[in-house]
$ cat target-v3.cif   # mmCIF, C-alpha atoms
data_structure
#
loop_
_atom_site.label_atom_id
_atom_site.label_comp_id
_atom_site.auth_asym_id
_atom_site.auth_seq_id
_atom_site.Cartn_x
_atom_site.Cartn_y
_atom_site.Cartn_z
CA MET B 1 12.09 -20.43 -17.50
CA ARG B 2 14.06 -23.69 -17.34
CA LYS B 3 16.57 -22.15 -14.96
CA VAL B 4 13.94 -20.90 -12.47
CA TRP B 5 11.19 -23.48 -13.09
CA ARG B 6 10.75 -23.93 -9.34
CA LEU B 7 9.49 -20.36 -9.04
CA TYR B 8 6.91 -20.98 -11.77
CA VAL B 9 5.76 -24.15 -9.99
CA LEU B 10 5.48 -22.15 -6.78
CA ILE B 11 3.27 -19.50 -8.41
CA ALA B 12 1.21 -21.98 -10.47
CA LEU B 13 -1.37 -22.75 -7.77
CA PRO B 14 -2.17 -19.10 -6.91
CA VAL B 15 -2.47 -18.27 -10.63
CA LEU B 16 -4.78 -21.26 -11.21
CA TYR B 17 -6.87 -20.20 -8.22
CA ILE B 18 -7.28 -16.68 -9.61
CA ILE B 19 -8.13 -17.95 -13.09
CA ILE B 20 -10.66 -20.57 -11.92
CA PHE B 21 -12.38 -18.65 -9.14
CA LYS B 22 -11.95 -15.01 -10.24
CA TYR B 23 -11.74 -14.78 -14.05
CA ILE B 24 -13.83 -17.71 -15.31
CA PRO B 25 -16.88 -16.66 -13.21
CA MET B 26 -16.83 -13.31 -15.06
CA TYR B 27 -18.40 -15.19 -17.97
CA GLY B 28 -21.56 -15.56 -15.90
CA ALA B 29 -21.69 -11.85 -15.00
CA GLN B 30 -23.58 -11.22 -18.24
CA ILE B 31 -26.76 -12.63 -16.68
CA ALA B 32 -27.02 -9.27 -14.90
CA PHE B 33 -28.05 -7.89 -18.33
CA LYS B 34 -30.36 -10.80 -19.19
CA ASN B 35 -33.62 -12.29 -18.04
CA PHE B 36 -31.84 -15.47 -17.04
CA ILE B 37 -33.80 -18.72 -17.29
CA VAL B 38 -31.98 -21.87 -16.18
CA THR B 39 -33.50 -24.09 -18.90
CA LYS B 40 -32.37 -21.70 -21.65
CA GLY B 41 -28.86 -21.21 -20.27
CA ILE B 42 -26.82 -18.02 -20.27
CA TRP B 43 -26.60 -17.58 -24.06
CA GLY B 44 -30.22 -18.56 -24.67
CA SER B 45 -31.69 -16.09 -22.18
CA GLU B 46 -33.13 -12.80 -23.40
CA TRP B 47 -31.12 -9.57 -23.19
CA VAL B 48 -32.86 -6.89 -21.09
CA GLY B 49 -30.06 -4.30 -20.81
CA PHE B 50 -30.04 -2.30 -17.59
CA LYS B 51 -33.52 -3.39 -16.50
CA HIS B 52 -32.36 -5.09 -13.29
CA PHE B 53 -30.08 -2.22 -12.34
CA ILE B 54 -32.90 0.30 -12.78
CA ARG B 55 -35.19 -1.96 -10.74
CA PHE B 56 -32.68 -1.94 -7.89
CA PHE B 57 -32.14 1.83 -8.04
CA ASP B 58 -35.91 2.44 -8.00
CA SER B 59 -36.66 -0.03 -5.19
CA TYR B 60 -37.57 1.25 -1.74
CA GLU B 61 -34.75 -0.90 -0.33
CA PHE B 62 -31.98 0.88 -2.26
CA TRP B 63 -31.20 3.82 0.03
CA ARG B 64 -31.59 1.78 3.22
CA LEU B 65 -29.19 -0.88 1.92
CA MET B 66 -26.66 1.68 0.71
CA SER B 67 -26.85 3.63 3.96
CA ASN B 68 -26.43 0.56 6.16
CA THR B 69 -23.60 -0.82 4.03
CA ILE B 70 -21.64 2.44 3.79
CA VAL B 71 -22.05 3.35 7.47
CA LEU B 72 -21.04 -0.14 8.62
CA SER B 73 -18.07 -0.25 6.24
CA VAL B 74 -16.77 3.24 7.11
CA TYR B 75 -17.27 2.54 10.82
CA SER B 76 -15.30 -0.71 10.49
CA LEU B 77 -12.55 0.98 8.47
CA PHE B 78 -11.95 3.82 10.92
CA ALA B 79 -12.33 1.65 14.02
CA SER B 80 -10.08 -1.21 12.88
CA PHE B 81 -7.35 0.73 11.04
CA PRO B 82 -5.40 2.34 13.95
CA PHE B 83 -5.47 -0.52 16.49
CA PRO B 84 -3.08 -2.94 14.68
CA ILE B 85 -0.62 -0.06 14.32
CA ILE B 86 -0.87 0.82 18.03
CA LEU B 87 -0.48 -2.84 19.03
CA ALA B 88 2.54 -3.31 16.73
CA LEU B 89 4.24 -0.16 18.05
CA SER B 90 3.61 -1.28 21.64
CA LEU B 91 4.94 -4.81 21.11
CA ASN B 92 7.97 -3.48 19.27
CA TYR B 93 9.25 -1.86 22.49
CA VAL B 94 8.55 -4.77 24.85
CA LYS B 95 11.81 -6.23 26.17
CA ASN B 96 10.35 -9.22 28.02
CA GLN B 97 10.14 -11.87 25.28
CA PHE B 98 7.85 -14.17 27.29
CA PHE B 99 5.33 -11.37 27.83
CA LYS B 100 5.62 -10.24 24.20
CA LYS B 101 4.98 -13.73 22.80
CA SER B 102 2.12 -14.29 25.25
CA VAL B 103 0.39 -11.08 24.13
CA GLN B 104 0.94 -12.01 20.48
CA MET B 105 -0.56 -15.47 20.98
CA ILE B 106 -3.57 -14.12 22.90
CA THR B 107 -4.29 -11.40 20.32
CA TYR B 108 -3.71 -13.69 17.30
CA ALA B 109 -5.94 -16.52 18.59
CA PRO B 110 -9.37 -14.93 17.89
CA HIS B 111 -8.51 -14.64 14.19
CA PHE B 112 -8.63 -18.43 13.88
CA ILE B 113 -12.11 -18.74 15.40
CA SER B 114 -14.74 -19.40 12.72
CA VAL B 115 -17.42 -16.80 12.08
CA VAL B 116 -20.18 -19.14 13.30
CA VAL B 117 -18.40 -19.81 16.60
CA MET B 118 -17.57 -16.11 16.99
CA VAL B 119 -21.20 -15.06 16.58
CA GLY B 120 -22.24 -17.82 18.99
CA ILE B 121 -19.81 -16.40 21.59
CA ILE B 122 -21.18 -12.88 21.04
CA LEU B 123 -24.77 -14.04 21.45
CA GLU B 124 -23.92 -15.97 24.62
CA LEU B 125 -22.05 -13.02 26.13
CA LEU B 126 -24.91 -10.60 25.38
CA ASP B 127 -27.78 -12.95 26.25
CA PRO B 128 -30.38 -10.96 28.29
CA ARG B 129 -30.94 -13.80 30.78
CA ASN B 130 -27.67 -15.68 31.24
CA GLY B 131 -25.02 -13.60 29.46
CA ILE B 132 -21.95 -12.42 31.37
CA VAL B 133 -22.46 -8.81 30.33
CA ASN B 134 -26.05 -8.69 31.56
CA SER B 135 -25.11 -10.58 34.73
CA ILE B 136 -22.69 -7.74 35.52
CA ILE B 137 -25.35 -5.16 34.67
CA LYS B 138 -27.89 -6.88 36.96
CA GLY B 139 -25.23 -7.20 39.66
CA LEU B 140 -24.83 -3.40 39.56
CA GLY B 141 -28.57 -3.00 40.11
CA PHE B 142 -29.65 -2.13 36.57
CA GLU B 143 -32.15 -3.80 34.28
CA PRO B 144 -30.75 -6.28 31.71
CA VAL B 145 -30.37 -4.99 28.15
CA SER B 146 -31.34 -6.93 25.03
CA PHE B 147 -28.33 -5.79 23.01
CA MET B 148 -29.15 -7.82 19.90
CA GLY B 149 -32.74 -6.59 19.93
CA ILE B 150 -31.84 -2.88 19.79
CA PRO B 151 -31.15 -1.81 16.17
CA GLU B 152 -28.87 1.07 17.18
CA TYR B 153 -26.45 -1.31 18.93
CA PHE B 154 -25.98 -3.66 15.98
CA LYS B 155 -23.25 -1.72 14.15
CA SER B 156 -21.13 -1.20 17.27
CA ILE B 157 -21.39 -4.87 18.28
CA TYR B 158 -20.46 -5.95 14.75
CA VAL B 159 -17.52 -3.56 14.41
CA TRP B 160 -15.89 -3.91 17.82
CA SER B 161 -16.20 -7.68 17.87
CA GLY B 162 -14.46 -7.60 14.47
CA VAL B 163 -11.70 -5.37 15.85
CA TRP B 164 -11.15 -7.79 18.74
CA GLN B 165 -10.99 -10.74 16.34
CA SER B 166 -8.64 -9.24 13.75
CA VAL B 167 -6.39 -6.74 15.53
CA GLY B 168 -3.71 -9.25 16.54
CA PHE B 169 -3.38 -10.91 13.16
CA SER B 170 -3.45 -7.58 11.29
CA CYS B 171 -0.53 -6.21 13.30
CA ILE B 172 1.80 -8.91 11.89
CA ILE B 173 2.32 -6.80 8.75
CA TYR B 174 3.25 -3.73 10.79
CA LEU B 175 5.61 -5.75 13.01
CA ALA B 176 7.38 -6.94 9.86
CA ALA B 177 7.60 -3.34 8.61
CA LEU B 178 9.01 -2.18 11.97
CA ALA B 179 11.62 -4.96 11.86
CA SER B 180 12.87 -3.60 8.51
CA ILE B 181 13.62 -0.12 9.92
CA ASP B 182 17.36 0.58 10.17
CA PRO B 183 18.41 0.17 13.85
CA SER B 184 21.01 2.90 13.41
CA LEU B 185 18.17 5.45 13.28
CA HIS B 186 17.07 4.45 16.77
CA GLU B 187 20.66 4.42 18.02
CA ALA B 188 21.21 7.95 16.74
CA ALA B 189 17.90 9.08 18.27
CA VAL B 190 18.83 7.62 21.67
CA VAL B 191 22.21 9.40 21.53
CA ASP B 192 20.36 12.66 20.80
CA GLY B 193 18.17 12.09 23.88
CA ALA B 194 14.92 11.05 22.20
CA ASN B 195 12.48 9.09 24.34
CA LYS B 196 10.34 6.17 23.14
CA VAL B 197 7.36 8.33 22.18
CA GLN B 198 9.58 10.62 20.09
CA ARG B 199 11.21 7.60 18.41
CA MET B 200 7.77 6.18 17.59
CA TRP B 201 6.59 9.49 16.15
CA HIS B 202 9.68 10.39 14.12
CA ILE B 203 11.09 6.97 13.14
CA ASP B 204 8.58 4.13 13.48
CA ILE B 205 5.42 5.79 12.16
CA PRO B 206 7.14 7.27 9.04
CA GLY B 207 8.76 3.85 8.50
CA ILE B 208 5.45 1.96 8.44
CA MET B 209 3.43 4.70 6.75
CA PRO B 210 3.91 3.31 3.18
CA ILE B 211 2.52 -0.07 4.29
CA ALA B 212 -0.34 1.63 6.15
CA ILE B 213 -1.30 3.64 3.06
CA ILE B 214 -1.30 0.52 0.86
CA ILE B 215 -3.52 -1.35 3.34
CA LEU B 216 -5.85 1.64 3.59
CA ILE B 217 -6.19 1.76 -0.21
CA LEU B 218 -6.92 -1.98 -0.38
CA ASN B 219 -9.49 -1.72 2.42
CA THR B 220 -11.18 1.18 0.65
CA GLY B 221 -11.49 -1.03 -2.43
CA HIS B 222 -13.70 -3.33 -0.35
CA MET B 223 -15.90 -0.54 0.97
CA LEU B 224 -19.18 -2.18 -0.12
CA ASP B 225 -17.86 -5.73 0.19
CA ILE B 226 -18.67 -6.43 3.83
CA GLY B 227 -19.62 -10.08 3.37
CA PHE B 228 -22.86 -11.64 4.48
CA GLU B 229 -21.87 -14.46 6.86
CA LYS B 230 -21.37 -12.57 10.11
CA VAL B 231 -24.08 -9.99 9.40
CA LEU B 232 -26.58 -12.70 8.48
CA LEU B 233 -25.82 -14.72 11.63
CA MET B 234 -26.25 -11.64 13.83
CA GLN B 235 -29.49 -10.56 12.16
CA ASN B 236 -32.90 -10.99 13.76
CA PRO B 237 -36.34 -9.43 13.12
CA LEU B 238 -35.69 -6.75 15.75
CA ASN B 239 -32.44 -5.33 14.30
CA ILE B 240 -33.10 -5.96 10.58
CA ARG B 241 -33.67 -2.22 10.04
CA THR B 242 -29.98 -1.43 10.59
CA SER B 243 -28.40 -4.82 9.84
CA GLU B 244 -29.62 -5.44 6.28
CA VAL B 245 -26.71 -4.75 3.90
CA ILE B 246 -26.18 -5.32 0.18
CA ASP B 247 -24.52 -8.73 0.63
CA THR B 248 -27.30 -10.18 2.80
CA TYR B 249 -29.92 -8.76 0.45
CA VAL B 250 -28.21 -10.37 -2.56
CA TYR B 251 -28.09 -13.70 -0.73
CA LYS B 252 -31.76 -13.55 0.19
CA VAL B 253 -32.90 -12.48 -3.28
CA GLY B 254 -30.64 -14.82 -5.22
CA LEU B 255 -30.57 -17.97 -3.09
CA ALA B 256 -32.81 -17.88 -0.02
CA SER B 257 -35.97 -16.65 -1.74
CA GLN B 258 -38.59 -19.11 -3.01
CA ALA B 259 -38.58 -17.26 -6.35
CA MET B 260 -34.81 -17.11 -6.85
CA ASN B 261 -33.91 -14.21 -9.14
CA TYR B 262 -30.36 -14.81 -10.34
CA SER B 263 -30.30 -11.91 -12.80
CA TYR B 264 -31.48 -9.33 -10.27
CA SER B 265 -29.02 -10.49 -7.59
CA SER B 266 -26.19 -10.60 -10.15
CA ALA B 267 -26.96 -7.03 -11.19
CA ILE B 268 -26.75 -5.86 -7.57
CA GLY B 269 -23.47 -7.73 -7.08
CA LEU B 270 -22.01 -6.28 -10.28
CA PHE B 271 -23.06 -2.76 -9.24
CA LYS B 272 -21.30 -3.25 -5.90
CA SER B 273 -18.12 -4.47 -7.62
CA VAL B 274 -18.04 -1.50 -10.00
CA ILE B 275 -18.41 0.97 -7.11
CA ASN B 276 -15.60 -0.80 -5.23
CA LEU B 277 -13.36 -0.56 -8.30
CA LEU B 278 -14.08 3.16 -8.73
CA LEU B 279 -13.32 3.80 -5.05
CA LEU B 280 -10.05 1.87 -5.31
CA VAL B 281 -8.94 3.85 -8.38
CA ALA B 282 -9.99 7.17 -6.80
CA VAL B 283 -8.18 6.59 -3.49
CA ASN B 284 -5.09 5.33 -5.32
CA LYS B 285 -5.13 8.51 -7.43
CA ILE B 286 -5.43 10.66 -4.30
CA ALA B 287 -2.42 8.84 -2.81
CA GLN B 288 -0.43 9.58 -5.97
CA LYS B 289 -1.42 13.26 -5.92
CA THR B 290 -0.35 13.61 -2.28
CA LYS B 291 3.01 11.91 -3.01
CA GLN B 292 2.15 8.85 -0.91
CA GLU B 293 2.64 5.18 -1.71
CA SER B 294 0.16 3.79 -4.25
CA LEU B 295 -0.72 0.45 -5.82
CA TRP B 296 0.30 1.56 -9.30
#
$ encode --input "target-v3.cif" --output "structure tokens"
Amino acid sequence: MRKVWRLYVLIALPVLYIIIFKYIPMYGAQIAFKNFIVTKGIWGSEWVGFKHFIRFFDSYEFWRLMSNTIVLSVYSLFASFPFPIILALSLNYVKNQFFKKSVQMITYAPHFISVVVMVGIILELLDPRNGIVNSIIKGLGFEPVSFMGIPEYFKSIYVWSGVWQSVGFSCIIYLAALASIDPSLHEAAVVDGANKVQRMWHIDIPGIMPIAIIILILNTGHMLDIGFEKVLLMQNPLNIRTSEVIDTYVYKVGLASQAMNYSYSSAIGLFKSVINLLLLVAVNKIAQKTKQESLW
């Protein structure tokens, strides 16, 4: 340790972050099994077992929340997964460095826009009266569309705006993987008469497939963990039927409600985390069975 103390210093901050913000909060997860009262504290509150879990399973909101969350998550997963790979493969064959760097900068930039600003841009673009999209629609002679007021449009707006925001930054990993492929493979393929599409299919895609499988497994482990910020900002009374997900429901029950129910919201959050863990283990096991890359 004395010889490589610099490496331990380098890893100290990430380890402290994980301990403070990931492991220590697990102590409070027990309130999911208690009737938590702030004045009594965590240890002083009464144990109620699985009461809050059963309450959630029996609620009329359960199936709607699960359906919205799963559909939105699966939609996001399948829509966002291939585009970084396609972008990385395309940029890998661009010879003009100025054009390549310009495309990279333009596609990376949206990633650094905050969620609040991003939703503001979306709402301005889709505004029924002054939005650019509806201005084009009216210019073509059609009636303006209230996109954010139609429940069926919510998931597509959420997903494709997310793809636009993240595709450039996500492709960095695949560009790094493509850079690690042995150039002699491409040289041999060119000598054998292979075109760019054949080189992509037989060299590049197999070369980045291990990374793609790992990312797919990690994304599957967050299947129910959509996050509430963007969904909550895009919600309104007209689209609430399809936009209410587990995370927004937990926020409203645990923090935004006048009668804040910490135990009930903690039980829902713990249930979501357990399902995510089971999905992660299951998909990792499937990857092992099919002789693909796996996390462990």
$ resolve_selection --input "target-v3.cif" --expression "the PyMOL selection byres ((chain B and resi 31) around 9)" --output "tab-separated table (two decimals) with C-alpha atoms, keeping the file's coordinate frame"
chain	number	residue	atom	x	y	z
B	27	TYR	CA	-18.40	-15.19	-17.97
B	28	GLY	CA	-21.56	-15.56	-15.90
B	29	ALA	CA	-21.69	-11.85	-15.00
B	30	GLN	CA	-23.58	-11.22	-18.24
B	32	ALA	CA	-27.02	-9.27	-14.90
B	33	PHE	CA	-28.05	-7.89	-18.33
B	34	LYS	CA	-30.36	-10.80	-19.19
B	35	ASN	CA	-33.62	-12.29	-18.04
B	36	PHE	CA	-31.84	-15.47	-17.04
B	42	ILE	CA	-26.82	-18.02	-20.27
B	43	TRP	CA	-26.60	-17.58	-24.06
B	45	SER	CA	-31.69	-16.09	-22.18
B	47	TRP	CA	-31.12	-9.57	-23.19
B	262	TYR	CA	-30.36	-14.81	-10.34
B	263	SER	CA	-30.30	-11.91	-12.80
B	264	TYR	CA	-31.48	-9.33	-10.27
B	266	SER	CA	-26.19	-10.60	-10.15
B	267	ALA	CA	-26.96	-7.03	-11.19
$ residues_around --input "target-v3.cif" --residues "range 208-225 of chain B" --least-positions-apart "2" --cutoff "6 Å" --atoms "only C-alpha atoms" --output "MDAnalysis selection string"
chainID B and resid 73 177 205:206 227 276 279:280 293
$ atom_distance --input "target-v3.cif" --atom1 "CA of Phe154 in chain B" --atom2 "CA of Val74 in chain B"
14.5 Å
$ closest_residue --input "target-v3.cif" --among "B:Gln292, B:Asn261, B:Asn284, B:Gln198" --to "His52 in chain B" --atoms "all atoms listed in the file"
B:Asn261
$ closest_residue --input "target-v3.cif" --among "B:Val117, B:Ile268, B:Leu295, B:Ala179" --to "Ser59 in chain B" --atoms "all atoms listed in the file"
B:Ile268
$ residues_around --input "target-v3.cif" --residues "Pro110 in chain B" --least-positions-apart "6" --cutoff "9 Å" --atoms "all atoms listed in the file" --output "list in words"
Met118, Trp164, Gln165, Ser166, Gly168 and Phe169 of chain B
$ residues_around --input "target-v3.cif" --residues "Leu89 in chain B" --least-positions-apart "6" --cutoff "12 Å" --atoms "all atoms listed in the file" --output "VMD selection string"
chain B and resid 82 to 83 100 171 to 179 196 to 197 199 to 201 203 to 205 207 to 208
$ closest_residue --input "target-v3.cif" --among "B:Lys285, B:Lys101, B:His186, B:Lys155" --to "Val245 in chain B" --atoms "only C-alpha atoms"
B:Lys155
$ atom_distance --input "target-v3.cif" --atom1 "CA of Lys3 in chain B" --atom2 "CA of Val15 in chain B"
19.9 Å
$ atom_distance --input "target-v3.cif" --atom1 "CA of Thr248 in chain B" --atom2 "CA of Ser80 in chain B"
21.9 Å
$ closest_residue --input "target-v3.cif" --among "B:Glu244, B:Phe271, B:Phe142, B:Met260" --to "Ile37 in chain B" --atoms "only C-alpha atoms"
B:Met260
$ build_atoms --input "target-v3.cif" --residues "range 48-74 of chain B" --atoms "N, CA, C and O atoms" --output "short mmCIF file (atom, residue, chain, number, x, y, z; two decimals), in the frame of the given file"
data_model
loop_
_atom_site.label_atom_id
_atom_site.label_comp_id
_atom_site.auth_asym_id
_atom_site.auth_seq_id
_atom_site.Cartn_x
_atom_site.Cartn_y
_atom_site.Cartn_z
N VAL B 48 -31.93 -7.93 -21.57
CA VAL B 48 -32.86 -6.89 -21.09
C VAL B 48 -32.12 -5.60 -20.74
O VAL B 48 -32.71 -4.67 -20.20
N GLY B 49 -30.83 -5.52 -21.05
CA GLY B 49 -30.06 -4.30 -20.81
C GLY B 49 -29.92 -4.00 -19.32
O GLY B 49 -29.59 -4.86 -18.52
N PHE B 50 -30.22 -2.76 -18.97
CA PHE B 50 -30.04 -2.30 -17.59
C PHE B 50 -31.33 -2.40 -16.77
O PHE B 50 -31.46 -1.72 -15.75
N LYS B 51 -32.24 -3.25 -17.18
CA LYS B 51 -33.52 -3.39 -16.50
C LYS B 51 -33.37 -3.71 -15.02
O LYS B 51 -34.02 -3.09 -14.15
N HIS B 52 -32.51 -4.66 -14.69
CA HIS B 52 -32.36 -5.09 -13.29
C HIS B 52 -31.65 -4.03 -12.45
O HIS B 52 -31.96 -3.87 -11.26
N PHE B 53 -30.73 -3.30 -13.07
CA PHE B 53 -30.08 -2.22 -12.34
C PHE B 53 -31.07 -1.12 -12.00
O PHE B 53 -31.09 -0.62 -10.87
N ILE B 54 -31.89 -0.74 -12.99
CA ILE B 54 -32.90 0.30 -12.78
C ILE B 54 -33.91 -0.14 -11.71
O ILE B 54 -34.33 0.65 -10.86
N ARG B 55 -34.27 -1.42 -11.75
CA ARG B 55 -35.19 -1.96 -10.74
C ARG B 55 -34.62 -1.81 -9.33
O ARG B 55 -35.33 -1.42 -8.39
N PHE B 56 -33.32 -2.07 -9.20
CA PHE B 56 -32.68 -1.94 -7.89
C PHE B 56 -32.61 -0.48 -7.46
O PHE B 56 -32.91 -0.15 -6.30
N PHE B 57 -32.24 0.41 -8.38
CA PHE B 57 -32.14 1.83 -8.04
C PHE B 57 -33.51 2.42 -7.65
O PHE B 57 -33.58 3.31 -6.80
N ASP B 58 -34.56 1.92 -8.26
CA ASP B 58 -35.91 2.44 -8.00
C ASP B 58 -36.60 1.77 -6.81
O ASP B 58 -37.68 2.20 -6.39
N SER B 59 -36.00 0.69 -6.29
CA SER B 59 -36.66 -0.03 -5.19
C SER B 59 -36.59 0.77 -3.90
O SER B 59 -35.67 1.57 -3.68
N TYR B 60 -37.55 0.54 -3.02
CA TYR B 60 -37.57 1.25 -1.74
C TYR B 60 -36.46 0.77 -0.81
O TYR B 60 -36.16 1.43 0.20
N GLU B 61 -35.84 -0.36 -1.14
CA GLU B 61 -34.75 -0.90 -0.33
C GLU B 61 -33.40 -0.24 -0.62
O GLU B 61 -32.48 -0.33 0.19
N PHE B 62 -33.28 0.43 -1.78
CA PHE B 62 -31.98 0.88 -2.26
C PHE B 62 -31.26 1.77 -1.25
O PHE B 62 -30.13 1.49 -0.85
N TRP B 63 -31.89 2.86 -0.83
CA TRP B 63 -31.20 3.82 0.03
C TRP B 63 -30.93 3.25 1.42
O TRP B 63 -29.91 3.57 2.03
N ARG B 64 -31.83 2.40 1.91
CA ARG B 64 -31.59 1.78 3.22
C ARG B 64 -30.40 0.83 3.16
O ARG B 64 -29.53 0.83 4.04
N LEU B 65 -30.32 0.04 2.08
CA LEU B 65 -29.19 -0.88 1.92
C LEU B 65 -27.88 -0.13 1.76
O LEU B 65 -26.87 -0.48 2.38
N MET B 66 -27.88 0.90 0.93
CA MET B 66 -26.66 1.68 0.71
C MET B 66 -26.22 2.37 2.00
O MET B 66 -25.03 2.38 2.34
N SER B 67 -27.18 2.93 2.71
CA SER B 67 -26.85 3.63 3.96
C SER B 67 -26.26 2.67 4.99
O SER B 67 -25.21 2.95 5.58
N ASN B 68 -26.93 1.54 5.19
CA ASN B 68 -26.43 0.56 6.16
C ASN B 68 -25.05 0.04 5.78
O ASN B 68 -24.17 -0.10 6.63
N THR B 69 -24.87 -0.26 4.49
CA THR B 69 -23.60 -0.82 4.03
C THR B 69 -22.47 0.19 4.17
O THR B 69 -21.38 -0.14 4.68
N ILE B 70 -22.69 1.42 3.74
CA ILE B 70 -21.64 2.44 3.79
C ILE B 70 -21.29 2.80 5.24
O ILE B 70 -20.11 2.89 5.60
N VAL B 71 -22.30 3.00 6.07
CA VAL B 71 -22.05 3.35 7.47
C VAL B 71 -21.28 2.24 8.18
O VAL B 71 -20.30 2.49 8.89
N LEU B 72 -21.71 0.99 7.98
CA LEU B 72 -21.04 -0.14 8.62
C LEU B 72 -19.61 -0.30 8.12
O LEU B 72 -18.68 -0.57 8.90
N SER B 73 -19.40 -0.10 6.82
CA SER B 73 -18.07 -0.25 6.24
C SER B 73 -17.13 0.86 6.70
O SER B 73 -15.98 0.59 7.07
N VAL B 74 -17.60 2.11 6.68
CA VAL B 74 -16.77 3.24 7.11
C VAL B 74 -16.45 3.12 8.60
O VAL B 74 -15.31 3.36 9.04
#
